[in-house]
>>> print(open('query.cif').read())   # mmCIF, C-alpha atoms
data_upload
#
loop_
_atom_site.label_atom_id
_atom_site.label_comp_id
_atom_site.auth_asym_id
_atom_site.auth_seq_id
_atom_site.Cartn_x
_atom_site.Cartn_y
_atom_site.Cartn_z
CA MET A 52 148.26 -98.44 302.17
CA GLN A 53 150.37 -95.56 300.93
CA PHE A 54 149.53 -92.25 299.28
CA ASP A 55 151.68 -90.96 296.43
CA GLY A 56 150.32 -87.47 295.84
CA LEU A 57 147.97 -86.87 292.95
CA LYS A 58 148.58 -90.24 291.35
CA ARG A 59 146.40 -92.11 293.82
CA ARG A 60 142.70 -92.12 294.42
CA ALA A 61 141.58 -90.39 297.60
CA PHE A 62 138.44 -91.88 299.09
CA ILE A 63 136.35 -89.71 301.38
CA THR A 64 133.66 -91.52 303.33
CA LEU A 65 130.71 -89.58 304.61
CA LEU A 66 129.10 -91.68 307.31
CA GLY A 67 125.39 -91.18 307.05
CA GLY A 68 126.01 -87.63 306.00
CA THR A 69 127.40 -86.69 309.37
CA ALA A 70 131.12 -87.24 309.47
CA ALA A 71 133.99 -87.61 307.08
CA TRP A 72 137.14 -89.67 306.96
CA PRO A 73 139.71 -89.16 304.23
CA LEU A 74 140.97 -92.63 303.39
CA VAL A 75 143.47 -93.66 300.78
CA ALA A 76 143.46 -96.83 298.72
CA SER A 77 145.91 -98.11 296.16
CA ALA A 78 144.89 -97.63 292.57
CA GLN A 79 146.32 -97.26 289.13
CA PRO A 80 147.81 -93.81 288.48
CA SER A 81 145.39 -91.42 286.77
CA ALA A 82 145.72 -87.99 285.25
CA MET A 83 143.04 -86.61 287.55
CA PRO A 84 142.60 -87.66 291.21
CA VAL A 85 139.23 -89.26 291.97
CA ILE A 86 137.35 -88.84 295.25
CA GLY A 87 134.82 -91.57 296.02
CA TYR A 88 131.79 -90.29 297.94
CA LEU A 89 129.85 -92.92 299.87
CA ARG A 90 126.63 -92.34 301.77
CA SER A 91 124.34 -94.82 303.52
CA GLU A 92 121.14 -92.86 302.99
CA SER A 93 119.33 -91.60 299.90
CA PHE A 94 120.84 -88.84 297.77
CA ASP A 95 118.17 -86.26 298.47
CA GLY A 96 118.29 -82.50 298.93
CA THR A 97 120.15 -82.93 302.22
CA ALA A 98 122.91 -84.87 300.52
CA GLN A 99 123.17 -82.34 297.71
CA ARG A 100 123.74 -79.54 300.22
CA MET A 101 126.46 -81.59 301.88
CA ILE A 102 128.12 -82.32 298.56
CA ALA A 103 128.02 -78.60 297.80
CA GLY A 104 129.77 -77.91 301.12
CA PHE A 105 132.37 -80.56 300.32
CA ARG A 106 133.02 -79.02 296.91
CA GLU A 107 133.40 -75.61 298.55
CA GLY A 108 136.07 -76.97 300.88
CA LEU A 109 137.89 -78.59 297.98
CA LYS A 110 137.80 -75.29 296.10
CA GLU A 111 139.31 -73.49 299.09
CA GLY A 112 142.14 -76.00 298.86
CA GLY A 113 142.64 -75.36 295.15
CA TYR A 114 140.59 -78.21 293.65
CA ILE A 115 137.51 -77.81 291.45
CA ASP A 116 135.32 -80.78 290.59
CA GLY A 117 135.58 -81.55 286.89
CA GLN A 118 138.73 -79.47 286.37
CA ASN A 119 141.56 -80.88 288.47
CA VAL A 120 139.67 -83.43 290.59
CA ALA A 121 136.68 -85.73 290.06
CA ILE A 122 134.05 -86.66 292.64
CA GLU A 123 132.52 -90.05 291.95
CA ILE A 124 129.25 -91.17 293.54
CA PRO A 125 128.85 -94.89 292.79
CA LEU A 126 125.31 -96.10 292.21
CA GLY A 127 126.11 -98.99 294.53
CA THR A 128 126.25 -96.62 297.49
CA ARG A 129 122.54 -95.90 297.30
CA PRO A 130 120.44 -98.03 299.65
CA ALA A 131 117.71 -100.32 298.48
CA ARG A 132 114.21 -99.19 299.39
CA SER A 133 112.22 -101.37 301.75
CA VAL A 134 108.49 -101.91 301.43
CA THR A 135 108.13 -104.02 304.56
CA GLY A 136 109.00 -101.43 307.18
CA THR A 137 112.57 -102.58 307.68
CA ARG A 138 115.53 -100.46 306.79
CA GLY A 139 117.34 -100.67 303.49
CA ARG A 140 120.91 -101.87 303.13
CA SER A 141 123.73 -99.42 303.22
CA GLY A 142 125.98 -98.55 300.39
CA SER A 143 129.26 -100.19 299.63
CA PRO A 144 131.36 -100.21 296.50
CA SER A 145 129.51 -103.35 295.47
CA GLY A 146 126.13 -102.18 296.73
CA SER A 147 125.97 -104.82 299.46
CA GLY A 148 126.39 -104.91 303.19
CA ASP A 149 124.14 -104.44 306.22
CA ARG A 150 124.12 -100.84 307.46
CA ARG A 151 123.77 -102.03 311.06
CA GLN A 152 127.12 -103.77 311.00
CA CYS A 153 130.42 -102.11 311.84
CA PRO A 154 131.06 -99.79 308.89
CA CYS A 155 134.83 -100.01 309.07
CA ARG A 156 136.18 -101.79 306.04
CA GLU A 157 138.85 -100.61 303.62
CA ILE A 158 136.53 -97.64 303.19
CA CYS A 159 134.35 -96.67 306.15
CA GLN A 160 130.65 -96.65 305.44
CA GLY A 161 127.40 -96.72 307.33
CA ASN A 162 125.29 -94.44 309.47
CA HIS A 163 127.55 -93.74 312.42
CA SER A 164 127.63 -90.07 313.28
CA ASN A 165 130.82 -89.73 315.28
CA VAL A 166 134.43 -90.34 314.38
CA ALA A 167 135.16 -91.70 317.85
CA ASP A 168 132.53 -94.43 317.41
CA CYS A 169 134.09 -95.54 314.13
CA PHE A 170 137.50 -95.59 315.79
CA ARG A 171 136.18 -97.74 318.62
CA LEU A 172 134.36 -100.11 316.28
CA TRP A 173 137.40 -100.49 314.05
CA ARG A 174 139.66 -101.19 317.01
CA ARG A 175 137.12 -103.60 318.50
CA SER A 176 137.06 -105.51 315.23
CA GLY A 177 140.75 -106.27 315.63
CA GLN A 178 142.10 -103.93 312.96
CA ARG A 179 144.92 -101.96 314.56
CA ARG A 180 146.02 -99.85 311.65
CA ILE A 181 144.38 -96.71 313.00
CA GLY A 182 144.52 -95.18 316.45
CA CYS A 183 141.98 -93.46 318.66
CA GLU A 184 143.91 -90.27 319.30
CA PHE A 185 142.17 -87.32 317.73
CA ASN A 186 145.31 -85.17 317.73
CA HIS A 187 147.33 -87.83 315.92
CA PRO A 188 144.98 -90.49 314.53
CA GLY A 189 147.66 -92.52 312.75
CA GLY A 190 147.12 -94.95 309.88
CA ASN A 191 144.94 -93.78 306.99
CA VAL A 192 142.06 -92.15 308.81
CA THR A 193 141.26 -88.62 309.90
CA GLY A 194 138.36 -86.28 309.43
CA VAL A 195 135.68 -84.09 310.93
CA THR A 196 133.37 -84.75 313.86
CA PHE A 197 130.83 -82.60 315.62
CA LEU A 198 128.41 -82.53 318.52
CA GLY A 199 125.71 -84.56 316.83
CA GLY A 200 123.23 -85.64 319.48
CA LEU A 201 124.90 -84.14 322.54
CA VAL A 202 123.30 -80.69 322.39
CA GLY A 203 120.14 -81.92 324.06
CA GLY A 204 120.13 -79.34 326.81
CA ARG A 205 120.02 -76.45 324.35
CA ARG A 206 117.43 -78.11 322.13
CA VAL A 207 115.11 -78.91 325.03
CA GLN A 208 115.41 -75.41 326.46
CA LEU A 209 114.67 -73.72 323.12
CA LEU A 210 111.64 -75.95 322.61
CA HIS A 211 110.46 -75.19 326.14
CA ASP A 212 110.76 -71.47 325.39
CA LEU A 213 108.29 -71.96 322.53
CA THR A 214 105.98 -74.37 324.38
CA PRO A 215 106.10 -73.45 328.08
CA GLN A 216 102.70 -75.08 328.64
CA ALA A 217 103.95 -78.55 327.65
CA GLY A 218 104.29 -80.79 330.70
CA VAL A 219 105.39 -83.91 328.81
CA ILE A 220 108.18 -83.91 326.24
CA ALA A 221 108.29 -86.77 323.73
CA LEU A 222 111.70 -88.05 322.62
CA LEU A 223 111.94 -89.88 319.28
CA ILE A 224 115.09 -92.02 319.26
CA ASP A 225 116.67 -94.29 316.64
CA ALA A 226 117.14 -97.61 318.42
CA ASN A 227 119.77 -98.72 315.90
CA ASN A 228 122.01 -95.65 316.09
CA ILE A 229 125.20 -96.29 318.01
CA THR A 230 125.11 -92.83 319.60
CA SER A 231 121.48 -93.04 320.74
CA ALA A 232 122.18 -94.12 324.32
CA ALA A 233 124.35 -91.09 324.98
CA GLU A 234 121.89 -88.79 323.21
CA LEU A 235 118.92 -90.15 325.14
CA SER A 236 120.74 -89.67 328.44
CA ASP A 237 121.53 -86.09 327.47
CA LEU A 238 117.93 -85.33 326.48
CA GLU A 239 116.41 -86.98 329.53
CA GLY A 240 118.74 -85.03 331.80
CA ALA A 241 117.71 -81.78 330.12
CA VAL A 242 113.99 -82.58 330.44
CA HIS A 243 114.40 -83.49 334.11
CA ALA A 244 116.41 -80.31 334.78
CA ILE A 245 113.46 -78.09 333.84
CA GLY A 246 111.01 -80.21 335.82
CA LEU A 247 109.12 -81.90 333.00
CA ASN A 248 108.13 -85.48 332.29
CA ARG A 249 109.18 -87.39 329.20
CA VAL A 250 107.93 -90.24 327.06
CA VAL A 251 110.46 -92.10 324.91
CA GLY A 252 109.75 -93.67 321.56
CA LYS A 253 112.59 -95.91 320.35
CA VAL A 254 112.13 -96.95 316.74
CA ALA A 255 114.02 -99.56 314.77
CA SER A 256 112.04 -99.55 311.52
CA GLU A 257 109.82 -97.36 309.39
CA LEU A 258 106.60 -98.87 310.70
CA GLU A 259 107.57 -98.10 314.28
CA ILE A 260 107.64 -94.36 313.57
CA ASP A 261 103.83 -94.30 313.37
CA SER A 262 103.57 -96.42 316.51
CA ALA A 263 105.80 -94.02 318.41
CA PHE A 264 103.59 -91.05 317.51
CA ALA A 265 100.52 -93.01 318.64
CA THR A 266 102.22 -93.55 321.99
CA PHE A 267 103.07 -89.85 322.25
CA ALA A 268 99.38 -89.00 321.76
CA GLN A 269 98.28 -91.54 324.37
CA GLN A 270 100.75 -90.08 326.87
CA HIS A 271 99.55 -86.52 326.14
CA ALA A 272 102.93 -85.25 325.00
CA GLY A 273 102.93 -81.51 324.46
CA ALA A 274 106.17 -81.20 322.47
CA LEU A 275 108.66 -83.42 320.68
CA VAL A 276 112.43 -83.66 320.30
CA VAL A 277 113.53 -85.79 317.34
CA GLY A 278 116.91 -87.45 317.84
CA ASN A 279 119.90 -87.13 315.57
CA SER A 280 119.84 -89.96 313.05
CA PRO A 281 120.45 -90.48 309.33
CA PHE A 282 117.46 -92.83 309.47
CA PHE A 283 115.22 -89.96 310.56
CA THR A 284 116.81 -87.70 307.96
CA SER A 285 115.74 -90.15 305.26
CA HIS A 286 112.15 -89.81 306.51
CA ILE A 287 112.05 -86.04 306.97
CA LYS A 288 108.68 -85.38 305.31
CA ARG A 289 107.00 -88.31 307.01
CA ILE A 290 108.12 -87.31 310.51
CA VAL A 291 107.28 -83.63 309.99
CA ALA A 292 103.83 -84.59 308.66
CA LEU A 293 103.15 -86.84 311.67
CA ALA A 294 104.17 -84.07 314.05
CA ALA A 295 101.80 -81.65 312.28
CA ARG A 296 98.96 -84.20 312.20
CA ASN A 297 99.30 -84.68 315.95
CA ALA A 298 99.66 -80.91 316.57
CA LEU A 299 102.99 -81.66 318.22
CA PRO A 300 105.55 -78.81 318.23
CA ALA A 301 108.88 -80.41 317.40
CA SER A 302 112.58 -79.63 317.55
CA TYR A 303 114.91 -81.27 315.05
CA GLN A 304 118.65 -81.60 314.65
CA GLN A 305 118.98 -80.53 311.03
CA ARG A 306 117.73 -77.42 309.27
CA GLU A 307 116.17 -79.49 306.47
CA PHE A 308 113.36 -80.50 308.85
CA ALA A 309 112.42 -76.86 309.43
CA GLU A 310 112.68 -76.16 305.71
CA VAL A 311 109.99 -78.75 304.90
CA GLY A 312 107.59 -77.54 307.59
CA GLY A 313 109.04 -78.48 310.98
CA LEU A 314 108.79 -75.93 313.79
CA MET A 315 112.48 -75.48 314.55
CA SER A 316 115.92 -77.01 314.26
CA TYR A 317 119.10 -76.57 316.22
CA GLY A 318 122.40 -78.35 315.68
CA SER A 319 125.76 -78.38 314.00
CA SER A 320 125.92 -77.11 310.45
CA LEU A 321 126.41 -80.22 308.33
CA SER A 322 127.30 -78.24 305.24
CA ASP A 323 130.09 -76.56 307.20
CA ALA A 324 131.32 -79.94 308.47
CA TYR A 325 131.48 -81.19 304.90
CA ARG A 326 133.27 -78.03 303.84
CA GLN A 327 135.94 -78.83 306.41
CA ALA A 328 136.07 -82.40 305.10
CA GLY A 329 136.68 -80.98 301.63
CA ILE A 330 139.54 -78.87 302.98
CA TYR A 331 141.10 -81.99 304.49
CA ALA A 332 140.66 -83.88 301.21
CA ALA A 333 142.62 -81.12 299.49
CA HIS A 334 145.41 -81.47 302.07
CA ILE A 335 145.63 -85.19 301.34
CA LEU A 336 145.59 -84.66 297.59
CA LYS A 337 148.57 -82.36 298.05
CA GLY A 338 150.49 -85.16 299.71
CA GLU A 339 149.83 -84.75 303.44
CA ARG A 340 149.34 -87.95 305.40
CA PRO A 341 145.99 -88.56 307.11
CA ALA A 342 147.95 -89.80 310.12
CA ASP A 343 149.35 -86.30 310.64
CA LEU A 344 146.04 -84.44 310.32
CA PRO A 345 144.22 -84.16 313.67
CA VAL A 346 140.52 -84.93 313.76
CA VAL A 347 138.77 -81.56 313.95
CA GLN A 348 135.42 -80.69 315.50
CA THR A 349 133.16 -78.27 313.73
CA THR A 350 131.94 -75.48 315.97
CA LYS A 351 129.32 -73.82 313.77
CA PHE A 352 125.77 -74.22 315.08
CA GLU A 353 122.58 -72.93 313.52
CA LEU A 354 119.06 -72.27 314.76
CA VAL A 355 116.23 -72.22 312.20
CA VAL A 356 112.66 -71.27 313.13
CA ASN A 357 109.66 -71.80 310.85
CA LEU A 358 107.05 -69.10 311.57
CA LYS A 359 104.49 -70.67 309.24
CA ALA A 360 104.65 -73.90 311.25
CA ALA A 361 104.46 -71.93 314.49
CA LYS A 362 101.30 -70.13 313.30
CA ALA A 363 99.68 -73.44 312.32
CA LEU A 364 100.37 -74.72 315.84
CA GLY A 365 99.10 -71.56 317.49
CA ILE A 366 102.56 -70.69 318.83
CA GLU A 367 103.86 -67.17 319.20
CA VAL A 368 107.64 -67.31 318.93
CA PRO A 369 109.24 -65.18 321.69
CA PRO A 370 111.38 -62.25 320.48
CA GLN A 371 114.44 -63.63 322.28
CA VAL A 372 114.24 -66.83 320.23
CA LEU A 373 113.82 -64.92 316.97
CA ALA A 374 116.85 -62.82 317.90
CA LEU A 375 118.95 -65.98 318.28
CA ALA A 376 117.79 -67.55 315.01
CA ASP A 377 120.25 -67.84 312.13
CA GLU A 378 117.29 -68.13 309.76
CA VAL A 379 113.59 -67.42 310.12
CA ILE A 380 111.29 -69.06 307.58
CA GLU A 381 108.25 -66.86 306.97
#
>>> encode(input="query.cif", output="structure tokens")
Amino acid sequence: MQFDGLKRRAFITLLGGTAAWPLVASAQPSAMPVIGYLRSESFDGTAQRMIAGFREGLKEGGYIDGQNVAIEIPLGTRPARSVTGTRGRSGSPSGSGDRRQCPCREICQGNHSNVADCFRLWRRSGQRRIGCEFNHPGGNVTGVTFLGGLVGGRRVQLLHDLTPQAGVIALLIDANNITSAAELSDLEGAVHAIGLNRVVGKVASELEIDSAFATFAQQHAGALVVGNSPFFTSHIKRIVALAARNALPASYQQREFAEVGGLMSYGSSLSDAYRQAGIYAAHILKGERPADLPVVQTTKFELVVNLKAAKALGIEVPPQVLALADEVIE
């Protein structure tokens, strides 16, 4: 596939709202370039914030949605809702495709949260048109990655600072997420390093979320770390409500959890990652080749603390934690 400046359509895939690959596909010339935005989870408030970050990056590169570029969000990218406790199907241009399969097609899609994983899956599937070198990816793929689940040590320590009495830390993990094994290892190592015990709840469907919380209660967990997963992001209110119902102080990856009532969140800024993806999209629209754009890693992290949730849990947030917070929700 070749890119001929503004006369081609630039497709940006946002894998589960966590990473972005500018891809290029042949199309009929058009007066205004079109960016296709695919997402495997629902288009909720989280997605809107990411889209806003993407638009900001585009604007920094000289492109404004509706003026000299168009962002198209196909209805087919929105997953079907399940009423049986199993996950919905991920988006594709036709609205079909299992989100648990390798997302790498002509346009990457799915819930994978790391560029390297997509590279490995694509290569494993026998398609050699992209490489695995971040500095020079080759082919038609590049983008933004970040430390999704591998900040466990910091998350566990911050949670321990708020709940020093907790002897057992619960870990809620998405069994279907390709990065979960590495994330779980990171979290378990952090829990062990501070001399605590852990109980792991691996969930593969909506119904298993409730079962995991029941197990946490049986094992007398005193705090909870929720893993990084688009699946969990699509069930923000449910997970936060279960944590509150079980009086379980919880740490989350994304700020949206704290905004809807979760105790705290710490992780990479997704809106900033999408802003960088928008900047890269602008580079490609100006004629640069994805093959020549190194995969970049976002370095902006944010800590959000919800004081209302802390009060409901009977937790007094230490001054040193408040001093570190990027945002404190009263």
>>> residues_around(input="query.cif", residues="A:Arg326", least_positions_apart="4", cutoff="8 Å", atoms="all atoms listed in the file", output="list in words")
Met101, Gly104, Phe105, Arg106, Glu107, Gly108, Leu109, Ser322 and Ile330 of chain A
>>> write_last_selection(input="query.cif", atoms="C-alpha atoms", output="short mmCIF file (atom, residue, chain, number, x, y, z; two decimals), in the coordinates of the input")
data_model
loop_
_atom_site.label_atom_id
_atom_site.label_comp_id
_atom_site.auth_asym_id
_atom_site.auth_seq_id
_atom_site.Cartn_x
_atom_site.Cartn_y
_atom_site.Cartn_z
CA MET A 101 126.46 -81.59 301.88
CA GLY A 104 129.77 -77.91 301.12
CA PHE A 105 132.37 -80.56 300.32
CA ARG A 106 133.02 -79.02 296.91
CA GLU A 107 133.40 -75.61 298.55
CA GLY A 108 136.07 -76.97 300.88
CA LEU A 109 137.89 -78.59 297.98
CA SER A 322 127.30 -78.24 305.24
CA ILE A 330 139.54 -78.87 302.98
#
>>> residues_around(input="query.cif", residues="stretch 268-270 of chain A", least_positions_apart="2", cutoff="8 Å", atoms="all atoms listed in the file", output="list in words")
Val219, Val250, Phe264, Ala265, Thr266, Ala272 and Asn297 of chain A
>>> residues_around(input="query.cif", residues="A:Ala328", least_positions_apart="4", cutoff="7 Å", atoms="only C-alpha atoms", output="JSON, numbers by chain")
{"A": [71, 105, 108, 194, 195, 324, 332]}
>>> write_last_selection(input="query.cif", atoms="C-alpha atoms", output="mmCIF file, in the coordinates of the input")
data_model
loop_
_atom_site.group_PDB
_atom_site.id
_atom_site.type_symbol
_atom_site.label_atom_id
_atom_site.label_comp_id
_atom_site.auth_asym_id
_atom_site.auth_seq_id
_atom_site.Cartn_x
_atom_site.Cartn_y
_atom_site.Cartn_z
ATOM 1 C CA ALA A 71 133.990 -87.610 307.080
ATOM 2 C CA PHE A 105 132.370 -80.560 300.320
ATOM 3 C CA GLY A 108 136.070 -76.970 300.880
ATOM 4 C CA GLY A 194 138.360 -86.280 309.430
ATOM 5 C CA VAL A 195 135.680 -84.090 310.930
ATOM 6 C CA ALA A 324 131.320 -79.940 308.470
ATOM 7 C CA ALA A 332 140.660 -83.880 301.210
#
>>> residues_around(input="query.cif", residues="A:His243", least_positions_apart="5", cutoff="12 Å", atoms="only C-alpha atoms", output="PyMOL selection string")
chain A and resi 203-204+207-208+218-220+236-238+248-250
>>> closest_residue(input="query.cif", among="A:Ile366, A:Leu344, A:Ala374, A:Ala241", to="A:Ala298", atoms="all atoms listed in the file")
A:Ile366
>>> atom_distance(input="query.cif", atom1="atom CA of A:Glu234", atom2="atom CA of A:Pro341")
29.0 Å
>>> residues_around(input="query.cif", residues="A:Leu373", least_positions_apart="5", cutoff="8 Å", atoms="only C-alpha atoms", output="list in words")
Val356, Val368 and Val379 of chain A
>>> atom_distance(input="query.cif", atom1="atom CA of A:Leu314", atom2="atom CA of A:Ser302")
6.5 Å
>>> closest_residue(input="query.cif", among="A:His211, A:Arg100, A:Lys362, A:Arg206", to="A:Val277", atoms="all atoms listed in the file")
A:Arg206
>>> atom_distance(input="query.cif", atom1="atom CA of A:His286", atom2="atom CA of A:Val254")
12.5 Å
>>> closest_atom_pairs(input="query.cif", of="stretch 292-365 of chain A", to="stretch 82-89 of chain A", cutoff="12 Å", atoms="only C-alpha atoms", output="Markdown table")
| residue | atom | partner | partner_atom | distance |
| --- | --- | --- | --- | --- |
| A:Tyr325 | CA | A:Tyr88 | CA | 11.5 |
| A:Ala328 | CA | A:Tyr88 | CA | 11.5 |
| A:Gly329 | CA | A:Ile86 | CA | 10.1 |
| A:Ala332 | CA | A:Ile86 | CA | 8.4 |
| A:Ala333 | CA | A:Ile86 | CA | 10.3 |
| A:Ile335 | CA | A:Pro84 | CA | 10.9 |
| A:Leu336 | CA | A:Pro84 | CA | 7.7 |
| A:Lys337 | CA | A:Pro84 | CA | 10.5 |
| A:Gly338 | CA | A:Pro84 | CA | 11.9 |
>>> closest_residue(input="query.cif", among="A:Gln371, A:Thr193, A:Thr350, A:Thr284", to="A:Asp323", atoms="only C-alpha atoms")
A:Thr350
>>> closest_residue(input="query.cif", among="A:Pro370, A:Arg340, A:Leu293, A:Asn279", to="A:Thr230", atoms="all atoms listed in the file")
A:Asn279
>>> resolve_selection(input="query.cif", expression="the PyMOL selection byres ((chain A and resi 259) around 12)", output="ChimeraX atom specification")
/A:135-138,223-226,252-258,260-266,283,290
>>> write_last_selection(input="query.cif", atoms="C-alpha atoms", output="PDB file, in the frame of the given file")
ATOM      1  CA  THR A 135     108.130-104.020 304.560  1.00  0.00           C
ATOM      2  CA  GLY A 136     109.000-101.430 307.180  1.00  0.00           C
ATOM      3  CA  THR A 137     112.570-102.580 307.680  1.00  0.00           C
ATOM      4  CA  ARG A 138     115.530-100.460 306.790  1.00  0.00           C
ATOM      5  CA  LEU A 223     111.940 -89.880 319.280  1.00  0.00           C
ATOM      6  CA  ILE A 224     115.090 -92.020 319.260  1.00  0.00           C
ATOM      7  CA  ASP A 225     116.670 -94.290 316.640  1.00  0.00           C
ATOM      8  CA  ALA A 226     117.140 -97.610 318.420  1.00  0.00           C
ATOM      9  CA  GLY A 252     109.750 -93.670 321.560  1.00  0.00           C
ATOM     10  CA  LYS A 253     112.590 -95.910 320.350  1.00  0.00           C
ATOM     11  CA  VAL A 254     112.130 -96.950 316.740  1.00  0.00           C
ATOM     12  CA  ALA A 255     114.020 -99.560 314.770  1.00  0.00           C
ATOM     13  CA  SER A 256     112.040 -99.550 311.520  1.00  0.00           C
ATOM     14  CA  GLU A 257     109.820 -97.360 309.390  1.00  0.00           C
ATOM     15  CA  LEU A 258     106.600 -98.870 310.700  1.00  0.00           C
ATOM     16  CA  ILE A 260     107.640 -94.360 313.570  1.00  0.00           C
ATOM     17  CA  ASP A 261     103.830 -94.300 313.370  1.00  0.00           C
ATOM     18  CA  SER A 262     103.570 -96.420 316.510  1.00  0.00           C
ATOM     19  CA  ALA A 263     105.800 -94.020 318.410  1.00  0.00           C
ATOM     20  CA  PHE A 264     103.590 -91.050 317.510  1.00  0.00           C
ATOM     21  CA  ALA A 265     100.520 -93.010 318.640  1.00  0.00           C
ATOM     22  CA  THR A 266     102.220 -93.550 321.990  1.00  0.00           C
ATOM     23  CA  PHE A 283     115.220 -89.960 310.560  1.00  0.00           C
ATOM     24  CA  ILE A 290     108.120 -87.310 310.510  1.00  0.00           C
TER      25      ILE A 290
END
>>> closest_residue(input="query.cif", among="A:Leu358, A:Leu210, A:Tyr331, A:Asn228", to="A:Val346", atoms="only C-alpha atoms")
A:Tyr331
>>> closest_residue(input="query.cif", among="A:Val347, A:Val355, A:Leu209, A:Gln327", to="A:Glu307", atoms="only C-alpha atoms")
A:Val355
